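Engineer: Sharing protein-v8.tsv below, TSV, C-alpha atoms:
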chain	number	residue	atom	x	y	z
A	1	MET	CA	-13.11	-1.11	-50.43
A	2	ARG	CA	-12.17	-1.01	-46.75
A	3	THR	CA	-14.30	0.83	-44.28
A	4	PRO	CA	-13.63	1.43	-40.54
A	5	LEU	CA	-16.18	-1.31	-39.83
A	6	GLY	CA	-13.59	-3.99	-40.59
A	7	GLN	CA	-11.33	-2.66	-37.84
A	8	VAL	CA	-14.18	-2.60	-35.37
A	9	ARG	CA	-15.05	-6.21	-36.19
A	10	GLY	CA	-11.43	-7.19	-35.49
A	11	LEU	CA	-11.67	-5.16	-32.25
A	12	GLY	CA	-8.88	-2.84	-33.48
A	13	ALA	CA	-5.38	-2.59	-32.08
A	14	ALA	CA	-6.51	-3.14	-28.49
A	15	LYS	CA	-8.07	-6.55	-29.35
A	16	SER	CA	-10.82	-5.92	-26.85
A	17	GLY	CA	-13.79	-3.65	-26.38
A	18	THR	CA	-15.15	-1.96	-23.28
A	19	GLU	CA	-14.53	-4.92	-20.98
A	20	HIS	CA	-11.52	-3.27	-19.28
A	21	PHE	CA	-13.48	-0.09	-18.67
A	22	TRP	CA	-16.29	-2.07	-17.06
A	23	VAL	CA	-14.05	-4.35	-14.96
A	24	GLN	CA	-12.13	-1.29	-13.72
A	25	ARG	CA	-15.43	0.23	-12.48
A	26	LEU	CA	-16.70	-3.07	-11.09
A	27	THR	CA	-13.53	-3.66	-9.05
A	28	ALA	CA	-13.44	0.03	-8.05
A	29	VAL	CA	-16.89	-0.31	-6.47
A	30	ALA	CA	-15.88	-3.59	-4.77
A	31	ASN	CA	-12.66	-2.02	-3.52
A	32	LEU	CA	-14.42	0.79	-1.64
A	33	PRO	CA	-15.98	-1.28	1.20
A	34	LEU	CA	-13.13	-3.82	1.10
A	35	THR	CA	-10.55	-1.03	1.54
A	36	LEU	CA	-12.42	0.15	4.64
A	37	VAL	CA	-12.18	-3.39	6.05
A	38	PHE	CA	-8.51	-3.66	5.08
A	39	VAL	CA	-7.58	-0.33	6.68
A	40	GLY	CA	-9.53	-1.29	9.81
A	41	VAL	CA	-7.74	-4.65	10.08
A	42	VAL	CA	-4.30	-3.12	9.51
A	43	ILE	CA	-4.65	-0.28	12.01
A	44	SER	CA	-6.04	-2.67	14.61
A	45	LEU	CA	-2.82	-4.69	14.17
A	46	ALA	CA	-0.40	-1.74	14.49
A	47	GLY	CA	2.46	-2.90	16.69
A	48	SER	CA	0.74	-6.24	17.26
A	49	SER	CA	2.50	-9.46	18.25
A	50	HIS	CA	2.55	-12.47	15.91
A	51	ALA	CA	-0.08	-14.27	17.99
A	52	GLY	CA	-2.39	-11.26	17.94
A	53	ALA	CA	-1.98	-10.70	14.21
A	54	THR	CA	-2.54	-14.33	13.19
A	55	ALA	CA	-5.56	-14.60	15.50
A	56	THR	CA	-7.14	-11.58	13.77
A	57	LEU	CA	-6.13	-12.51	10.21
A	58	GLY	CA	-7.17	-16.12	10.80
A	59	ASN	CA	-10.71	-15.16	11.77
A	60	PRO	CA	-12.85	-16.59	8.91
A	61	TRP	CA	-14.87	-13.40	8.38
A	62	ILE	CA	-11.77	-11.24	8.24
A	63	ALA	CA	-9.85	-13.76	6.12
A	64	ILE	CA	-12.66	-13.99	3.54
A	65	LEU	CA	-12.95	-10.20	3.30
A	66	MET	CA	-9.15	-9.89	3.00
A	67	LEU	CA	-9.11	-12.54	0.24
A	68	LEU	CA	-11.87	-10.67	-1.61
A	69	PHE	CA	-9.83	-7.48	-1.26
A	70	VAL	CA	-6.75	-9.21	-2.69
A	71	LEU	CA	-8.74	-10.57	-5.65
A	72	SER	CA	-10.52	-7.31	-6.48
A	73	GLY	CA	-7.45	-5.18	-5.75
A	74	VAL	CA	-5.08	-7.22	-7.88
A	75	VAL	CA	-7.41	-7.19	-10.91
A	76	HIS	CA	-7.95	-3.43	-10.49
A	77	MET	CA	-4.24	-2.64	-10.23
A	78	LYS	CA	-3.29	-4.96	-13.09
A	79	ILE	CA	-5.59	-3.34	-15.63
A	80	GLY	CA	-4.82	0.11	-14.22
A	81	MET	CA	-1.10	-0.35	-14.76
A	82	GLN	CA	-1.82	-1.79	-18.21
A	83	VAL	CA	-3.47	1.51	-19.18
A	84	ILE	CA	-0.47	3.46	-17.90
A	85	ILE	CA	1.93	1.25	-19.89
A	86	GLU	CA	-0.18	1.52	-23.05
A	87	ASP	CA	-0.27	5.32	-22.66
A	88	TYR	CA	3.44	5.93	-22.14
A	89	VAL	CA	5.44	3.01	-23.55
A	90	HIS	CA	5.44	3.33	-27.33
A	91	HIS	CA	8.31	1.04	-28.33
A	92	ASP	CA	6.68	-2.25	-29.35
A	93	LEU	CA	9.11	-4.64	-27.65
A	94	CYS	CA	9.35	-2.54	-24.48
A	95	LYS	CA	5.57	-2.37	-24.32
A	96	LEU	CA	5.25	-6.13	-24.77
A	97	LEU	CA	7.79	-6.80	-22.01
A	98	ALA	CA	6.23	-4.23	-19.69
A	99	LEU	CA	2.77	-5.75	-20.19
A	100	MET	CA	4.17	-9.21	-19.45
A	101	ALA	CA	5.97	-7.98	-16.34
A	102	ASN	CA	2.74	-6.31	-15.23
A	103	THR	CA	0.81	-9.58	-15.52
A	104	PHE	CA	3.53	-11.54	-13.71
A	105	PHE	CA	3.70	-8.96	-10.89
A	106	ALA	CA	-0.07	-9.00	-10.40
A	107	ILE	CA	-0.16	-12.81	-10.29
A	108	VAL	CA	2.76	-13.05	-7.85
A	109	ILE	CA	1.24	-10.41	-5.55
A	110	GLY	CA	-2.20	-12.02	-5.65
A	111	LEU	CA	-1.00	-15.57	-5.16
A	112	ALA	CA	1.46	-14.73	-2.38
A	113	ALA	CA	-1.13	-12.72	-0.45
A	114	ALA	CA	-3.79	-15.42	-0.88
A	115	PHE	CA	-1.38	-18.18	0.13
A	116	ALA	CA	-0.26	-16.28	3.24
A	117	LEU	CA	-3.87	-15.59	4.30
A	118	LEU	CA	-4.90	-19.22	3.76
A	119	LYS	CA	-1.86	-20.53	5.63
A	120	ILE	CA	-2.60	-18.25	8.57
A	121	SER	CA	-6.24	-19.41	8.54
A	122	PHE	CA	-5.57	-23.13	8.26
A	123	GLY	CA	-2.55	-22.96	10.54
A	124	VAL	CA	-0.28	-25.53	8.92
B	1	MET	CA	-3.74	5.14	-43.44
B	2	ASP	CA	-1.58	8.30	-43.43
B	3	SER	CA	2.03	8.07	-44.49
B	4	GLY	CA	4.68	9.19	-42.04
B	5	LYS	CA	5.37	12.31	-44.06
B	6	ALA	CA	1.78	13.44	-44.00
B	7	ALA	CA	1.63	12.86	-40.26
B	8	ALA	CA	4.75	14.99	-39.73
B	9	ASN	CA	3.20	17.93	-41.62
B	10	ARG	CA	0.03	17.96	-39.58
B	11	PRO	CA	-0.19	20.66	-36.90
B	12	LEU	CA	0.38	19.39	-33.37
B	13	SER	CA	-1.93	20.16	-30.49
B	14	PRO	CA	-0.27	22.13	-27.67
B	15	HIS	CA	1.29	19.91	-25.03
B	16	LEU	CA	1.00	19.91	-21.23
B	17	GLN	CA	3.57	22.61	-20.50
B	18	ILE	CA	1.59	25.26	-22.37
B	19	TYR	CA	-1.34	25.10	-19.97
B	20	ARG	CA	-1.57	26.90	-16.65
B	21	PRO	CA	-1.69	24.18	-13.98
B	22	MET	CA	-5.24	23.81	-12.73
B	23	LEU	CA	-6.64	21.81	-9.84
B	24	SER	CA	-8.51	19.54	-12.28
B	25	MET	CA	-5.40	18.48	-14.21
B	26	ILE	CA	-3.29	18.16	-11.07
B	27	MET	CA	-5.92	15.94	-9.42
B	28	SER	CA	-6.16	13.86	-12.58
B	29	ILE	CA	-2.42	13.17	-12.75
B	30	VAL	CA	-2.23	12.64	-8.98
B	31	HIS	CA	-4.95	9.99	-9.30
B	32	ARG	CA	-2.73	8.14	-11.76
B	33	ILE	CA	0.44	8.66	-9.70
B	34	THR	CA	-1.23	7.42	-6.50
B	35	GLY	CA	-2.55	4.42	-8.46
B	36	ALA	CA	0.97	3.55	-9.60
B	37	ALA	CA	2.33	4.08	-6.08
B	38	LEU	CA	-0.33	1.78	-4.63
B	39	TYR	CA	0.58	-0.80	-7.28
B	40	PHE	CA	4.16	-1.06	-6.04
B	41	GLY	CA	3.08	-0.56	-2.43
B	42	THR	CA	1.14	-3.84	-2.56
B	43	ALA	CA	4.55	-5.49	-2.19
B	44	LEU	CA	4.70	-4.02	1.35
B	45	ILE	CA	1.37	-5.64	2.22
B	46	VAL	CA	2.42	-8.99	0.76
B	47	ILE	CA	5.72	-8.93	2.68
B	48	TRP	CA	3.77	-8.22	5.87
B	49	LEU	CA	1.24	-11.04	5.23
B	50	VAL	CA	3.86	-13.59	4.19
B	51	SER	CA	5.97	-12.75	7.25
B	52	ALA	CA	2.91	-13.36	9.45
B	53	ALA	CA	2.43	-16.71	7.70
B	54	ALA	CA	6.14	-17.54	8.05
B	55	GLY	CA	6.28	-17.26	11.82
B	56	PRO	CA	6.90	-15.07	14.89
B	57	SER	CA	10.53	-14.10	14.20
B	58	ALA	CA	9.93	-13.07	10.56
B	59	PHE	CA	6.83	-11.15	11.61
B	60	ALA	CA	8.66	-9.37	14.44
B	61	ALA	CA	11.41	-8.32	12.01
B	62	VAL	CA	8.92	-6.86	9.52
B	63	GLN	CA	6.89	-5.17	12.29
B	64	SER	CA	10.04	-3.47	13.59
B	65	ILE	CA	11.04	-2.25	10.11
B	66	TYR	CA	7.50	-0.98	9.44
B	67	GLY	CA	7.43	0.55	12.92
B	68	SER	CA	10.69	2.47	12.39
B	69	PHE	CA	10.60	6.19	11.53
B	70	LEU	CA	11.26	5.58	7.84
B	71	GLY	CA	8.78	2.72	7.75
B	72	GLN	CA	6.07	4.83	9.35
B	73	LEU	CA	6.80	7.65	6.88
B	74	VAL	CA	6.39	5.30	3.91
B	75	LEU	CA	3.22	3.79	5.39
B	76	PHE	CA	1.81	7.27	6.04
B	77	GLY	CA	2.41	8.16	2.40
B	78	TYR	CA	0.87	4.85	1.37
B	79	THR	CA	-2.22	5.58	3.49
B	80	TRP	CA	-2.65	8.99	1.88
B	81	ALA	CA	-2.21	7.51	-1.61
B	82	LEU	CA	-4.83	4.86	-0.80
B	83	VAL	CA	-7.34	7.35	0.62
B	84	HIS	CA	-6.75	9.89	-2.16
B	85	HIS	CA	-7.11	7.25	-4.88
B	86	ALA	CA	-10.25	5.85	-3.23
B	87	ILE	CA	-11.91	9.27	-2.95
B	88	GLY	CA	-10.78	10.13	-6.49
B	89	GLY	CA	-12.36	6.85	-7.55
B	90	ILE	CA	-15.68	7.91	-6.01
B	91	ARG	CA	-15.41	11.18	-7.97
B	92	HIS	CA	-14.87	9.19	-11.17
B	93	LEU	CA	-17.87	6.98	-10.38
B	94	ILE	CA	-20.00	10.12	-9.91
B	95	TRP	CA	-18.84	11.31	-13.35
B	96	ASP	CA	-19.49	7.86	-14.82
B	97	VAL	CA	-23.20	8.20	-14.05
B	98	GLY	CA	-23.22	11.62	-15.70
B	99	ARG	CA	-23.30	13.79	-12.57
B	100	GLY	CA	-20.90	16.36	-11.15
B	101	PHE	CA	-19.95	18.19	-14.36
B	102	GLY	CA	-21.46	21.53	-13.38
B	103	PRO	CA	-19.99	24.27	-11.16
B	104	GLU	CA	-19.88	21.69	-8.32
B	105	ARG	CA	-16.91	20.13	-10.11
B	106	GLU	CA	-14.47	22.49	-8.39
B	107	LEU	CA	-16.07	21.67	-5.02
B	108	LEU	CA	-15.65	17.95	-5.73
B	109	TYR	CA	-11.91	18.47	-6.26
B	110	ARG	CA	-11.50	20.51	-3.08
B	111	LEU	CA	-13.55	18.04	-1.05
B	112	SER	CA	-11.54	15.06	-2.27
B	113	LEU	CA	-8.17	16.74	-1.68
B	114	GLY	CA	-9.13	18.05	1.79
B	115	GLY	CA	-10.97	14.85	2.65
B	116	SER	CA	-7.99	12.66	1.75
B	117	ILE	CA	-5.67	14.63	4.05
B	118	VAL	CA	-8.12	14.73	6.96
B	119	LEU	CA	-9.05	11.04	6.64
B	120	THR	CA	-5.39	9.97	6.48
B	121	ILE	CA	-4.63	11.86	9.69
B	122	VAL	CA	-7.74	10.40	11.40
B	123	ILE	CA	-6.69	6.86	10.37
B	124	TRP	CA	-3.25	7.40	11.90
B	125	ILE	CA	-4.61	8.89	15.11
B	126	VAL	CA	-6.90	5.85	15.51
B	127	GLY	CA	-3.99	3.55	14.62
B	128	TYR	CA	-1.77	5.04	17.30
B	129	ALA	CA	-4.61	5.00	19.84
B	130	LEU	CA	-5.17	1.28	19.15
B	131	LYS	CA	-1.48	0.42	19.09
B	132	GLY	CA	-0.92	-2.98	20.66
B	133	ALA	CA	-4.65	-3.45	21.41
B	134	ALA	CA	-4.76	-6.77	19.53
B	135	GLY	CA	-2.00	-8.14	21.76
Would you put the structure from the file into structure tokens?
Structural biologist:
Amino acid sequence: MRTPLGQVRGLGAAKSGTEHFWVQRLTAVANLPLTLVFVGVVISLAGSSHAGATATLGNPWIAILMLLFVLSGVVHMKIGMQVIIEDYVHHDLCKLLALMANTFFAIVIGLAAAFALLKISFGV
Amino acid sequence: MDSGKAAANRPLSPHLQIYRPMLSMIMSIVHRITGAALYFGTALIVIWLVSAAAGPSAFAAVQSIYGSFLGQLVLFGYTWALVHHAIGGIRHLIWDVGRGFGPERELLYRLSLGGSIVLTIVIWIVGYALKGAAG
């Protein structure tokens, strides 16, 4: 006899429990103050020269907050887009490819932003 | 589990187009649309950061594209999407702790929609006022 318990034990089709829900909320809360910092930094650099922008972005306090924003933001957007894909893409292969592309995109965005910020900070 | 035939015979629930559009459903779908827009918009931020890391000429090129009319239009839309999604996120966090489901729900929607527009305009006014301040 099979009961629904067996599916729960195997974590069902999603292969995970409420972790995504929790991480989405955790990063959402982190994103709120970090977004304020990000918007402040960006508008202060509107029309700025290269020297002005790198001086601001290279400030350790600002760079650390920007790196935190990149980390939290990338995780938030990756699992957010995953939900959208799982909701609307029903063809198995298309879904698999879309989920892979989503992961790749998030990693490229996160790594490129982090590398740029570190390079500006360390100035090499 | 059900066979395909049994599934086909089951009655279907009415789909989206049968409902009168309401602020709640519009705000819900806009939250998702702004989230998706922000997702792709991160590429704009990364291009800007990498150009700053690459050097003065690359940065000047990106600044002039972003400073053009079209660039400013896209960035204005991006700002609104960011603010709207952030305020919508606060609304969701309020719901997550079990509050805001009473008659105040409608007020929450109106506040977040109005607030997102006002805040976006304020951000841009401050941005233009500070233009070039960092040198």
Engineer: Select, from A:His20, A:Arg25, A:Cys94, A:Val42, the residue with the minimum atom-to-atom distance to Leu75 of chain B, counting only C-alpha atoms.
Structural biologist: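 Once distances to Leu75 of chain B are computed over only C-alpha atoms, the minimum belongs to A:Val42.
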Engineer: Have a look at atom CA of Leu130 of chain B and atom CA of Ser44 of chain A and let me know their distance in Å, one decimal.
Structural biologist: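 Interatomic distance here is 6.1 Å.
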Engineer: Check every residue of chain A for an atom within 6 Å of chain B, counting all atoms listed in the file, and provide those that qualify as a VMD selection string.
Structural biologist: chain A and resid 43 46 to 50 52 77 113 116 120
Engineer: One decimal, Å: what's the distance from atom CA of Ile107 of chain A over to atom CA of Met81 of chain A, could you say?
Structural biologist: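 Between atom CA of Ile107 of chain A and atom CA of Met81 of chain A the gap is 13.3 Å.
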Engineer: I'd like the interatomic distance between atom CA of Met27 of chain B and atom CA of Gly88 of chain B, to a tenth of an Å.
Structural biologist: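 Taking atom CA of Met27 of chain B and atom CA of Gly88 of chain B, their separation equals 8.1 Å.
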